[in-house]
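Have a look at start38.txt below; it lists compact mmCIF, C-alpha atoms.
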# COMPACT_ATOMS: atom_id res chain seq x y z
CA MET A 1 5.92 -10.48 -20.63
CA SER A 2 6.26 -6.84 -19.65
CA SER A 3 6.51 -4.20 -22.32
CA SER A 4 9.95 -3.08 -23.51
CA SER A 5 9.02 0.57 -22.99
CA PRO A 6 9.84 1.88 -19.50
CA LEU A 7 7.03 2.04 -16.97
CA THR A 8 6.02 5.58 -16.02
CA VAL A 9 3.75 7.01 -13.36
CA PRO A 10 0.24 8.06 -14.38
CA SER A 11 -0.39 11.67 -15.28
CA ILE A 12 -2.50 13.83 -13.00
CA ASP A 13 -5.23 13.76 -15.67
CA GLU A 14 -5.26 9.95 -15.59
CA VAL A 15 -5.72 10.05 -11.83
CA TYR A 16 -8.55 12.56 -12.06
CA ALA A 17 -10.15 10.32 -14.71
CA ALA A 18 -9.76 7.35 -12.34
CA GLN A 19 -11.46 9.34 -9.59
CA VAL A 20 -14.48 9.91 -11.84
CA ARG A 21 -14.45 6.26 -12.95
CA LEU A 22 -14.47 5.04 -9.34
CA GLN A 23 -17.39 7.17 -8.18
CA GLY A 24 -20.13 4.91 -6.85
CA ILE A 25 -17.72 1.97 -6.55
CA ILE A 26 -15.24 2.92 -3.84
CA ASN A 27 -15.73 4.82 -0.61
CA ARG A 28 -14.12 8.18 -0.01
CA THR A 29 -12.44 7.02 3.18
CA PRO A 30 -12.14 9.22 6.29
CA LEU A 31 -9.00 11.08 7.32
CA LEU A 32 -9.00 10.99 11.13
CA LYS A 33 -6.53 12.05 13.81
CA LEU A 34 -4.72 9.40 15.81
CA ASN A 35 -5.77 9.89 19.42
CA TYR A 36 -2.22 9.92 20.71
CA ASP A 37 -0.20 13.01 21.59
CA ILE A 38 3.27 13.48 20.14
CA PRO A 39 5.09 16.80 20.77
CA GLY A 40 5.41 18.84 17.59
CA MET A 41 3.32 16.54 15.41
CA GLU A 42 -0.21 15.60 14.48
CA ILE A 43 -0.76 12.16 12.99
CA TYR A 44 -3.72 11.60 10.69
CA LEU A 45 -4.98 8.21 9.54
CA LYS A 46 -6.17 7.62 5.96
CA CYS A 47 -8.55 4.76 6.72
CA GLU A 48 -8.58 2.52 3.65
CA GLN A 49 -9.77 -0.37 5.82
CA PHE A 50 -13.23 1.18 5.39
CA GLN A 51 -13.44 0.20 1.72
CA PRO A 52 -16.06 -2.49 0.91
CA ILE A 53 -13.31 -5.13 0.92
CA SER A 54 -11.36 -3.57 3.82
CA THR A 55 -8.38 -2.61 1.63
CA PHE A 56 -7.25 0.19 -0.70
CA LYS A 57 -6.75 -2.32 -3.52
CA LEU A 58 -10.33 -1.90 -4.66
CA ARG A 59 -9.30 1.47 -6.12
CA ALA A 60 -6.53 -0.14 -8.16
CA ALA A 61 -8.45 -3.22 -9.27
CA ALA A 62 -11.64 -1.40 -10.19
CA ASN A 63 -9.83 1.22 -12.26
CA ALA A 64 -7.72 -1.41 -14.04
CA VAL A 65 -10.73 -3.60 -14.90
CA GLN A 66 -13.10 -0.83 -15.91
CA ILE A 67 -10.63 0.49 -18.45
CA LEU A 68 -10.32 -2.91 -20.21
CA SER A 69 -11.96 -3.50 -23.59
CA PRO A 70 -14.74 -6.11 -23.99
CA GLU A 71 -12.23 -8.32 -25.84
CA GLU A 72 -9.74 -8.13 -22.97
CA LYS A 73 -12.47 -9.07 -20.49
CA GLN A 74 -13.74 -12.01 -22.58
CA ASN A 75 -11.90 -14.78 -20.68
CA GLY A 76 -12.05 -13.06 -17.32
CA VAL A 77 -9.22 -11.60 -15.29
CA VAL A 78 -6.17 -13.08 -13.57
CA THR A 79 -3.73 -11.72 -11.03
CA ALA A 80 -0.91 -12.84 -8.73
CA SER A 81 -1.59 -11.53 -5.26
CA ALA A 82 -0.88 -12.20 -1.58
CA GLY A 83 -4.44 -11.18 -0.82
CA ASN A 84 -5.42 -7.54 -1.11
CA MET A 85 -5.22 -7.04 -4.89
CA ALA A 86 -6.96 -10.37 -5.38
CA GLN A 87 -9.83 -9.29 -3.15
CA GLY A 88 -10.21 -6.08 -5.14
CA LEU A 89 -10.13 -7.91 -8.45
CA ALA A 90 -12.60 -10.57 -7.26
CA TRP A 91 -14.98 -7.89 -5.99
CA ILE A 92 -15.04 -5.87 -9.21
CA ALA A 93 -15.09 -9.04 -11.36
CA ARG A 94 -18.18 -10.29 -9.54
CA LYS A 95 -19.82 -6.89 -10.02
CA GLU A 96 -19.14 -7.10 -13.77
CA ASN A 97 -19.92 -10.85 -14.08
CA LEU A 98 -16.35 -11.75 -14.99
CA LYS A 99 -14.39 -14.85 -14.04
CA CYS A 100 -11.54 -14.08 -11.64
CA GLN A 101 -8.57 -16.38 -11.04
CA VAL A 102 -5.81 -15.69 -8.54
CA LEU A 103 -2.34 -17.11 -8.08
CA VAL A 104 -1.61 -17.01 -4.33
CA PRO A 105 1.75 -17.67 -2.63
CA ASP A 106 2.01 -20.16 0.21
CA THR A 107 2.98 -17.27 2.51
CA ALA A 108 -0.42 -15.60 2.13
CA ASN A 109 -2.60 -14.74 5.13
CA GLU A 110 -5.43 -17.31 5.38
CA ILE A 111 -7.92 -14.59 6.32
CA LYS A 112 -7.21 -12.89 2.99
CA VAL A 113 -7.36 -16.16 1.03
CA LYS A 114 -10.78 -16.97 2.47
CA ALA A 115 -11.93 -13.45 1.63
CA ILE A 116 -10.84 -13.94 -2.01
CA GLU A 117 -12.90 -17.14 -2.22
CA ARG A 118 -15.87 -15.54 -0.49
CA LEU A 119 -15.83 -12.81 -3.14
CA GLY A 120 -15.91 -15.42 -5.93
CA GLY A 121 -12.23 -15.58 -6.82
CA GLU A 122 -10.79 -18.95 -7.83
CA VAL A 123 -7.57 -19.52 -5.86
CA THR A 124 -4.56 -21.45 -7.15
CA ARG A 125 -1.80 -21.88 -4.58
CA CYS A 126 1.89 -22.02 -5.40
CA SER A 127 5.30 -21.51 -3.82
CA PHE A 128 6.48 -17.96 -3.14
CA GLU A 129 9.13 -18.44 -5.85
CA GLN A 130 6.52 -19.41 -8.47
CA TRP A 131 4.33 -16.51 -7.42
CA TRP A 132 7.23 -14.06 -7.62
CA GLN A 133 8.04 -15.34 -11.13
CA ALA A 134 4.53 -14.38 -12.24
CA ILE A 135 5.06 -10.92 -10.76
CA VAL A 136 8.39 -10.50 -12.54
CA THR A 137 7.32 -11.86 -15.94
CA HIS A 138 3.75 -10.47 -16.00
CA GLN A 139 2.62 -13.96 -16.98
CA CYS A 140 0.65 -16.70 -15.32
CA PRO A 141 0.63 -19.59 -17.84
CA MET A 142 -1.33 -21.93 -15.57
CA LEU A 143 -4.35 -19.57 -15.54
CA ASP A 144 -6.36 -18.30 -18.51
CA GLY A 145 -7.54 -14.69 -18.67
CA HIS A 146 -6.32 -11.09 -18.91
CA PHE A 147 -3.44 -10.64 -16.46
CA VAL A 148 -3.82 -7.58 -14.25
CA HIS A 149 -0.46 -6.88 -12.67
CA PRO A 150 -0.85 -5.87 -9.02
CA VAL A 151 1.99 -3.36 -9.22
CA CYS A 152 3.50 -2.53 -12.62
CA ASP A 153 0.40 -1.10 -14.26
CA ARG A 154 -0.34 2.60 -14.82
CA ASN A 155 -4.07 2.04 -14.30
CA VAL A 156 -3.39 0.34 -10.97
CA MET A 157 -1.20 3.25 -9.90
CA ALA A 158 -3.78 5.77 -11.09
CA GLY A 159 -6.47 4.12 -8.96
CA ASN A 160 -4.13 4.28 -5.98
CA GLY A 161 -3.35 7.91 -6.73
CA THR A 162 -6.93 8.90 -5.94
CA ILE A 163 -6.00 8.43 -2.26
CA ALA A 164 -3.65 11.42 -2.53
CA LEU A 165 -6.36 13.56 -4.15
CA GLU A 166 -8.55 12.94 -1.11
CA ILE A 167 -5.76 13.53 1.42
CA LEU A 168 -4.66 16.87 -0.02
CA ASP A 169 -8.25 18.00 -0.52
CA GLU A 170 -8.88 17.56 3.22
CA LEU A 171 -5.42 18.38 4.56
CA PRO A 172 -3.67 20.70 2.09
CA ASP A 173 -1.01 21.65 4.67
CA CYS A 174 0.08 18.02 5.07
CA ASP A 175 3.87 17.74 5.44
CA ALA A 176 4.36 14.04 4.76
CA ILE A 177 2.49 10.92 3.69
CA LEU A 178 3.70 7.60 5.09
CA VAL A 179 2.85 4.57 2.96
CA PRO A 180 3.39 0.81 3.45
CA TYR A 181 5.83 -0.47 0.84
CA GLY A 182 4.89 -3.74 -0.82
CA GLY A 183 5.47 -3.78 -4.56
CA GLY A 184 5.47 -0.01 -4.97
CA ALA A 185 2.21 0.69 -6.81
CA LEU A 186 0.51 2.29 -3.80
CA ILE A 187 3.33 4.68 -2.97
CA THR A 188 4.11 5.63 -6.58
CA GLY A 189 0.44 6.29 -7.30
CA ILE A 190 0.17 8.49 -4.21
CA ALA A 191 3.52 10.19 -4.85
CA SER A 192 2.76 10.98 -8.49
CA VAL A 193 -0.24 13.02 -7.38
CA ALA A 194 1.11 14.49 -4.15
CA LYS A 195 4.37 15.70 -5.71
CA HIS A 196 2.44 17.26 -8.59
CA LEU A 197 -0.01 19.13 -6.34
CA LYS A 198 2.49 19.94 -3.56
CA PRO A 199 6.15 19.50 -4.57
CA SER A 200 7.41 20.18 -1.03
CA ILE A 201 5.61 17.20 0.50
CA ASP A 202 7.63 14.22 1.75
CA ILE A 203 6.58 10.74 0.61
CA LEU A 204 8.00 8.09 2.91
CA ALA A 205 7.93 4.34 2.43
CA CYS A 206 7.41 2.18 5.51
CA GLU A 207 8.98 -1.28 5.63
CA ILE A 208 9.24 -4.05 8.20
CA GLU A 209 12.65 -5.16 9.46
CA THR A 210 12.15 -8.74 8.24
CA ALA A 211 11.78 -7.70 4.58
CA ALA A 212 12.95 -4.21 3.61
CA PRO A 213 14.20 -4.27 0.01
CA LEU A 214 13.63 -0.58 -0.68
CA ALA A 215 15.82 0.54 2.22
CA ALA A 216 18.55 -1.78 0.90
CA ALA A 217 18.16 -0.37 -2.62
CA PHE A 218 18.36 3.21 -1.36
CA HIS A 219 21.43 2.35 0.72
CA HIS A 220 23.28 0.78 -2.23
CA ASN A 221 21.71 3.04 -4.88
CA GLN A 222 20.68 -0.04 -6.84
CA ILE A 223 18.33 -2.98 -6.57
CA THR A 224 19.71 -5.29 -3.91
CA LYS A 225 18.54 -8.83 -3.19
CA ILE A 226 17.99 -9.39 0.54
CA PRO A 227 17.04 -12.33 2.74
CA MET A 228 13.48 -12.12 4.02
CA GLU A 229 11.73 -13.74 6.95
CA LYS A 230 8.04 -14.58 7.24
CA SER A 231 6.29 -12.71 10.04
CA TRP A 232 2.84 -11.68 11.20
CA VAL A 233 3.28 -8.52 9.10
CA ASP A 234 2.30 -9.84 5.68
CA GLY A 235 1.32 -8.13 2.44
CA ILE A 236 4.48 -6.01 2.35
CA GLY A 237 8.09 -6.93 1.86
CA SER A 238 9.91 -9.00 -0.75
CA SER A 239 13.42 -10.13 -1.59
CA SER A 240 14.05 -7.18 -3.94
CA VAL A 241 12.51 -4.10 -5.51
CA LEU A 242 10.94 -4.88 -8.88
CA ASP A 243 13.14 -3.79 -11.81
CA GLU A 244 10.37 -1.77 -13.41
CA MET A 245 9.51 0.05 -10.18
CA TRP A 246 13.01 1.08 -9.12
CA PRO A 247 13.31 4.09 -11.48
CA LEU A 248 9.94 5.33 -10.22
CA VAL A 249 10.44 4.87 -6.50
CA LYS A 250 13.93 6.36 -6.47
CA THR A 251 12.49 9.42 -8.24
CA TYR A 252 9.26 9.92 -6.31
CA VAL A 253 9.92 8.43 -2.86
CA ASP A 254 12.01 10.51 -0.46
CA HIS A 255 13.08 7.89 2.04
CA SER A 256 12.33 4.47 3.50
CA ILE A 257 11.69 4.07 7.22
CA VAL A 258 12.27 0.55 8.52
CA VAL A 259 10.35 -0.37 11.68
CA SER A 260 10.68 -3.35 13.97
CA LEU A 261 8.08 -6.02 14.62
CA LYS A 262 7.85 -4.82 18.24
CA GLU A 263 7.26 -1.21 17.17
CA THR A 264 4.60 -2.36 14.72
CA ALA A 265 2.82 -4.43 17.38
CA ARG A 266 2.93 -1.50 19.80
CA ALA A 267 1.55 0.86 17.13
CA LEU A 268 -1.30 -1.53 16.37
CA LYS A 269 -2.14 -1.77 20.08
CA ILE A 270 -2.25 2.03 20.31
CA LEU A 271 -4.55 2.20 17.28
CA ILE A 272 -6.93 -0.37 18.72
CA GLU A 273 -6.99 1.14 22.21
CA ARG A 274 -7.05 4.84 21.27
CA ASN A 275 -9.09 4.91 18.05
CA HIS A 276 -10.86 1.53 18.34
CA PHE A 277 -9.80 0.57 14.80
CA ILE A 278 -8.53 -2.76 13.53
CA CYS A 279 -5.90 -2.85 10.81
CA GLU A 280 -3.32 -5.27 9.47
CA GLY A 281 0.36 -5.26 10.31
CA ALA A 282 1.33 -3.51 7.06
CA SER A 283 -0.91 -0.58 8.02
CA ALA A 284 0.57 -0.40 11.51
CA THR A 285 4.08 0.10 10.06
CA THR A 286 3.06 3.61 9.00
CA ILE A 287 1.84 4.46 12.49
CA ALA A 288 5.05 3.07 14.01
CA ALA A 289 7.12 5.12 11.56
CA ALA A 290 5.16 8.28 12.40
CA LEU A 291 5.31 7.75 16.16
CA TRP A 292 8.96 6.80 16.63
CA HIS A 293 10.91 7.67 13.48
CA TYR A 294 9.48 10.65 11.61
CA MET A 295 10.77 13.36 13.97
CA ASN A 296 14.27 11.86 13.74
CA TYR A 297 13.95 12.16 9.97
CA VAL A 298 13.04 15.83 10.40
CA GLN A 299 15.73 16.58 12.98
CA ASN A 300 18.38 14.97 10.79
CA GLY A 301 17.60 17.60 8.16
CA LYS A 302 16.10 15.15 5.65
CA ALA A 303 12.60 16.63 5.58
CA SER A 304 11.45 19.20 3.06
CA SER A 305 13.56 22.35 3.46
CA SER A 306 10.43 24.49 3.53
CA ARG A 307 9.34 22.99 6.83
CA LYS A 308 12.27 21.60 8.77
CA ASP A 309 12.93 24.84 10.68
CA SER A 310 9.26 25.64 11.26
CA LEU A 311 7.87 26.01 14.77
CA LYS A 312 4.44 24.87 13.60
CA GLN A 313 3.11 21.40 14.24
CA PHE A 314 4.08 18.87 11.60
CA LYS A 315 1.08 17.18 10.02
CA VAL A 316 1.69 13.68 8.74
CA VAL A 317 -0.68 11.15 7.23
CA ALA A 318 -0.29 7.42 7.87
CA VAL A 319 -2.01 5.41 5.14
CA LEU A 320 -3.80 2.41 6.64
CA SER A 321 -3.81 0.00 3.72
CA GLY A 322 -6.28 -2.57 5.02
CA ALA A 323 -7.63 -4.74 7.82
CA GLY A 324 -6.64 -8.27 6.80
CA ILE A 325 -5.67 -9.61 10.20
CA ASP A 326 -6.84 -12.62 12.17
CA ASN A 327 -8.33 -12.63 15.68
CA GLU A 328 -5.47 -14.61 17.19
CA THR A 329 -2.93 -11.98 16.09
CA ILE A 330 -5.11 -9.18 17.45
CA ILE A 331 -5.36 -10.95 20.83
CA LYS A 332 -1.59 -11.49 20.94
CA CYS A 333 -1.07 -7.83 20.08
CA LEU A 334 -3.31 -6.64 22.90
CA ASN A 335 -1.66 -9.08 25.31
CA GLU A 336 1.79 -7.89 24.11
CA THR A 337 2.84 -11.42 23.17
CA LEU A 338 3.55 -10.89 19.46
Just dump the structure as structure tokens.
Amino acid sequence: MSSSSPLTVPSIDEVYAAQVRLQGIINRTPLLKLNYDIPGMEIYLKCEQFQPISTFKLRAAANAVQILSPEEKQNGVVTASAGNMAQGLAWIARKENLKCQVLVPDTANEIKVKAIERLGGEVTRCSFEQWWQAIVTHQCPMLDGHFVHPVCDRNVMAGNGTIALEILDELPDCDAILVPYGGGALITGIASVAKHLKPSIDILACEIETAAPLAAAFHHNQITKIPMEKSWVDGIGSSSVLDEMWPLVKTYVDHSIVVSLKETARALKILIERNHFICEGASATTIAAALWHYMNYVQNGKASSSRKDSLKQFKVVAVLSGAGIDNETIIKCLNETL
């Protein structure tokens, strides 16, 4: 069960410590321009698909595991994950000779499930409702081992926060960072660092129209349960914002941009054709948000006051969270049949 004390974001010192801890384990991923012209804006891509497991989650999992005591590691590690966190945990567990067990929902992408197994993770499948219960309660009674929560864990967020250290080191005049919104650990980790180092920066969540609980929560100023539909954009979206994460996201996240499935497919096609990169649908939501929504956000006066009247080019970073996508979906995307 989760602790009774409120969850807080990691301190900047914890993130710097995570950066040191992760040296030699993760890749410092490239920050590259999207080869697509948009008047008044430059879009940069933080390419987390170039991690050893093709997802940012290695940062989170490796930091969370390395900080555990020998006693906590004794029976191995357990998580509940739709794919990316499980891959990260399986990778670092194999490196440290630990058993890794994963509770996976029946909505999970098969490419990601196979990757978990290839990395040595033991997969237990369950319904989405059972999986979500493990997320909410921080417990997985059917599996034995130390439970590493994929979201509500300061060490997970600190690992994710190292992404922001790299972005602002390379692009200190960045105006906004766009982040896929799943459970909230990625965006809160990034925001905790970015807002500390550059308070004027905008941190924007990107959600898909079929499952956008954060936009609903912002609209109603409280956690709101929504209906969700399964789509080819997996790994983000749920029926509601997690209770523990809501105080953090409403404090550190400036806005949620909801994109359509068609916009996401078009953005992915542009990425493949212009930059010759492959990424998953969740990643493409950030590109879609940058291409077709960010300037509206600026023009509506919602962007940081220090920049909204500037004549300079806006510089925004789209975080590409991973590359867990199957060939059939890529082909449909290129053929514009998604």
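Across the structure, CA of Ser238 in chain A and CA of Ala212 in chain A are spaced 7.2 Å apart.
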Would you pick out the contacts of Val193 in chain A at 10 Å or less, using all atoms listed in the file, so that residues sharing its chain but fewer than 2 positions from it are not included, and give the list as a PDB file with C-alpha atoms, in the frame of the given file?
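Output saved as selection-v9.pdb:
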ATOM      1  CA  VAL A   9       3.750   7.010 -13.360  1.00  0.00           C
ATOM      2  CA  PRO A  10       0.240   8.060 -14.380  1.00  0.00           C
ATOM      3  CA  SER A  11      -0.390  11.670 -15.280  1.00  0.00           C
ATOM      4  CA  ILE A  12      -2.500  13.830 -13.000  1.00  0.00           C
ATOM      5  CA  ASP A  13      -5.230  13.760 -15.670  1.00  0.00           C
ATOM      6  CA  VAL A  15      -5.720  10.050 -11.830  1.00  0.00           C
ATOM      7  CA  TYR A  16      -8.550  12.560 -12.060  1.00  0.00           C
ATOM      8  CA  ALA A 158      -3.780   5.770 -11.090  1.00  0.00           C
ATOM      9  CA  ASN A 160      -4.130   4.280  -5.980  1.00  0.00           C
ATOM     10  CA  GLY A 161      -3.350   7.910  -6.730  1.00  0.00           C
ATOM     11  CA  THR A 162      -6.930   8.900  -5.940  1.00  0.00           C
ATOM     12  CA  ILE A 163      -6.000   8.430  -2.260  1.00  0.00           C
ATOM     13  CA  ALA A 164      -3.650  11.420  -2.530  1.00  0.00           C
ATOM     14  CA  LEU A 165      -6.360  13.560  -4.150  1.00  0.00           C
ATOM     15  CA  LEU A 168      -4.660  16.870  -0.020  1.00  0.00           C
ATOM     16  CA  THR A 188       4.110   5.630  -6.580  1.00  0.00           C
ATOM     17  CA  GLY A 189       0.440   6.290  -7.300  1.00  0.00           C
ATOM     18  CA  ILE A 190       0.170   8.490  -4.210  1.00  0.00           C
ATOM     19  CA  ALA A 191       3.520  10.190  -4.850  1.00  0.00           C
ATOM     20  CA  LYS A 195       4.370  15.700  -5.710  1.00  0.00           C
ATOM     21  CA  HIS A 196       2.440  17.260  -8.590  1.00  0.00           C
ATOM     22  CA  LEU A 197      -0.010  19.130  -6.340  1.00  0.00           C
ATOM     23  CA  LYS A 198       2.490  19.940  -3.560  1.00  0.00           C
ATOM     24  CA  PRO A 199       6.150  19.500  -4.570  1.00  0.00           C
TER      25      PRO A 199
END
Selection near Ala290 in chain A, 12 Å with all atoms listed in the file, sequence-local residues under 5 positions removed, as a compact mmCIF listing (two decimals) with C-alpha atoms, keeping the file's coordinate frame:
# COMPACT_ATOMS: atom_id res chain seq x y z
CA LEU A 34 -4.72 9.40 15.81
CA TYR A 36 -2.22 9.92 20.71
CA ASP A 37 -0.20 13.01 21.59
CA ILE A 38 3.27 13.48 20.14
CA PRO A 39 5.09 16.80 20.77
CA GLY A 40 5.41 18.84 17.59
CA MET A 41 3.32 16.54 15.41
CA GLU A 42 -0.21 15.60 14.48
CA ILE A 43 -0.76 12.16 12.99
CA TYR A 44 -3.72 11.60 10.69
CA LEU A 45 -4.98 8.21 9.54
CA ASP A 175 3.87 17.74 5.44
CA ALA A 176 4.36 14.04 4.76
CA ILE A 177 2.49 10.92 3.69
CA LEU A 178 3.70 7.60 5.09
CA VAL A 179 2.85 4.57 2.96
CA PRO A 180 3.39 0.81 3.45
CA LEU A 204 8.00 8.09 2.91
CA ALA A 205 7.93 4.34 2.43
CA CYS A 206 7.41 2.18 5.51
CA ILE A 257 11.69 4.07 7.22
CA VAL A 258 12.27 0.55 8.52
CA VAL A 259 10.35 -0.37 11.68
CA GLU A 263 7.26 -1.21 17.17
CA THR A 264 4.60 -2.36 14.72
CA ALA A 267 1.55 0.86 17.13
CA SER A 283 -0.91 -0.58 8.02
CA ALA A 284 0.57 -0.40 11.51
CA THR A 285 4.08 0.10 10.06
CA MET A 295 10.77 13.36 13.97
CA ASN A 296 14.27 11.86 13.74
CA TYR A 297 13.95 12.16 9.97
CA VAL A 298 13.04 15.83 10.40
CA PHE A 314 4.08 18.87 11.60
CA LYS A 315 1.08 17.18 10.02
CA VAL A 316 1.69 13.68 8.74
CA VAL A 317 -0.68 11.15 7.23
CA ALA A 318 -0.29 7.42 7.87
CA VAL A 319 -2.01 5.41 5.14
Between CA of Thr124 in chain A and CA of Gly159 in chain A - distance in Å to one decimal
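CA of Thr124 in chain A lies at a distance of 25.7 Å from CA of Gly159 in chain A.
Minimum atom-to-atom distances from A:Glu170, A:Glu244, A:Glu336, A:Glu14 to Arg266 in chain A were compared using all atoms listed in the file, and the lowest value belongs to A:Glu336.
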Using all atoms listed in the file, pick whichever of A:Leu119, A:Ile187, A:Ile272, A:Ala194 has the shortest atom-to-atom distance to Glu166 in chain A.
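Smallest separation from Glu166 in chain A among the options: A:Ala194.
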Give me, please, the distance in Å between CA of Leu98 in chain A and CA of Gly76 in chain A, quoted to one decimal.
5.1 Å
From the list A:Thr210, A:Ser5, A:Ser127, A:Asn63, which residue is nearest Ala80 in chain A when using only C-alpha atoms?
A:Ser127
I want to know what sits within 9 Å of range 139-149 of chain A, based on only C-alpha atoms, with residues of the same chain fewer than 5 positions away left out; could you give that as an MDAnalysis selection string?
chainID A and resid 1:2 61 64:65 72:81 89 99:103 124 131 133:134 156
For range 112-130 of chain A, what centre and edge lengths in Å (one decimal) does the axis-aligned box get once 4 Å is added on each side of all its listed atoms, as JSON?
{"center_x": -3.4, "center_y": -17.4, "center_z": -2.7, "size_x": 33.0, "size_y": 17.2, "size_z": 19.5}
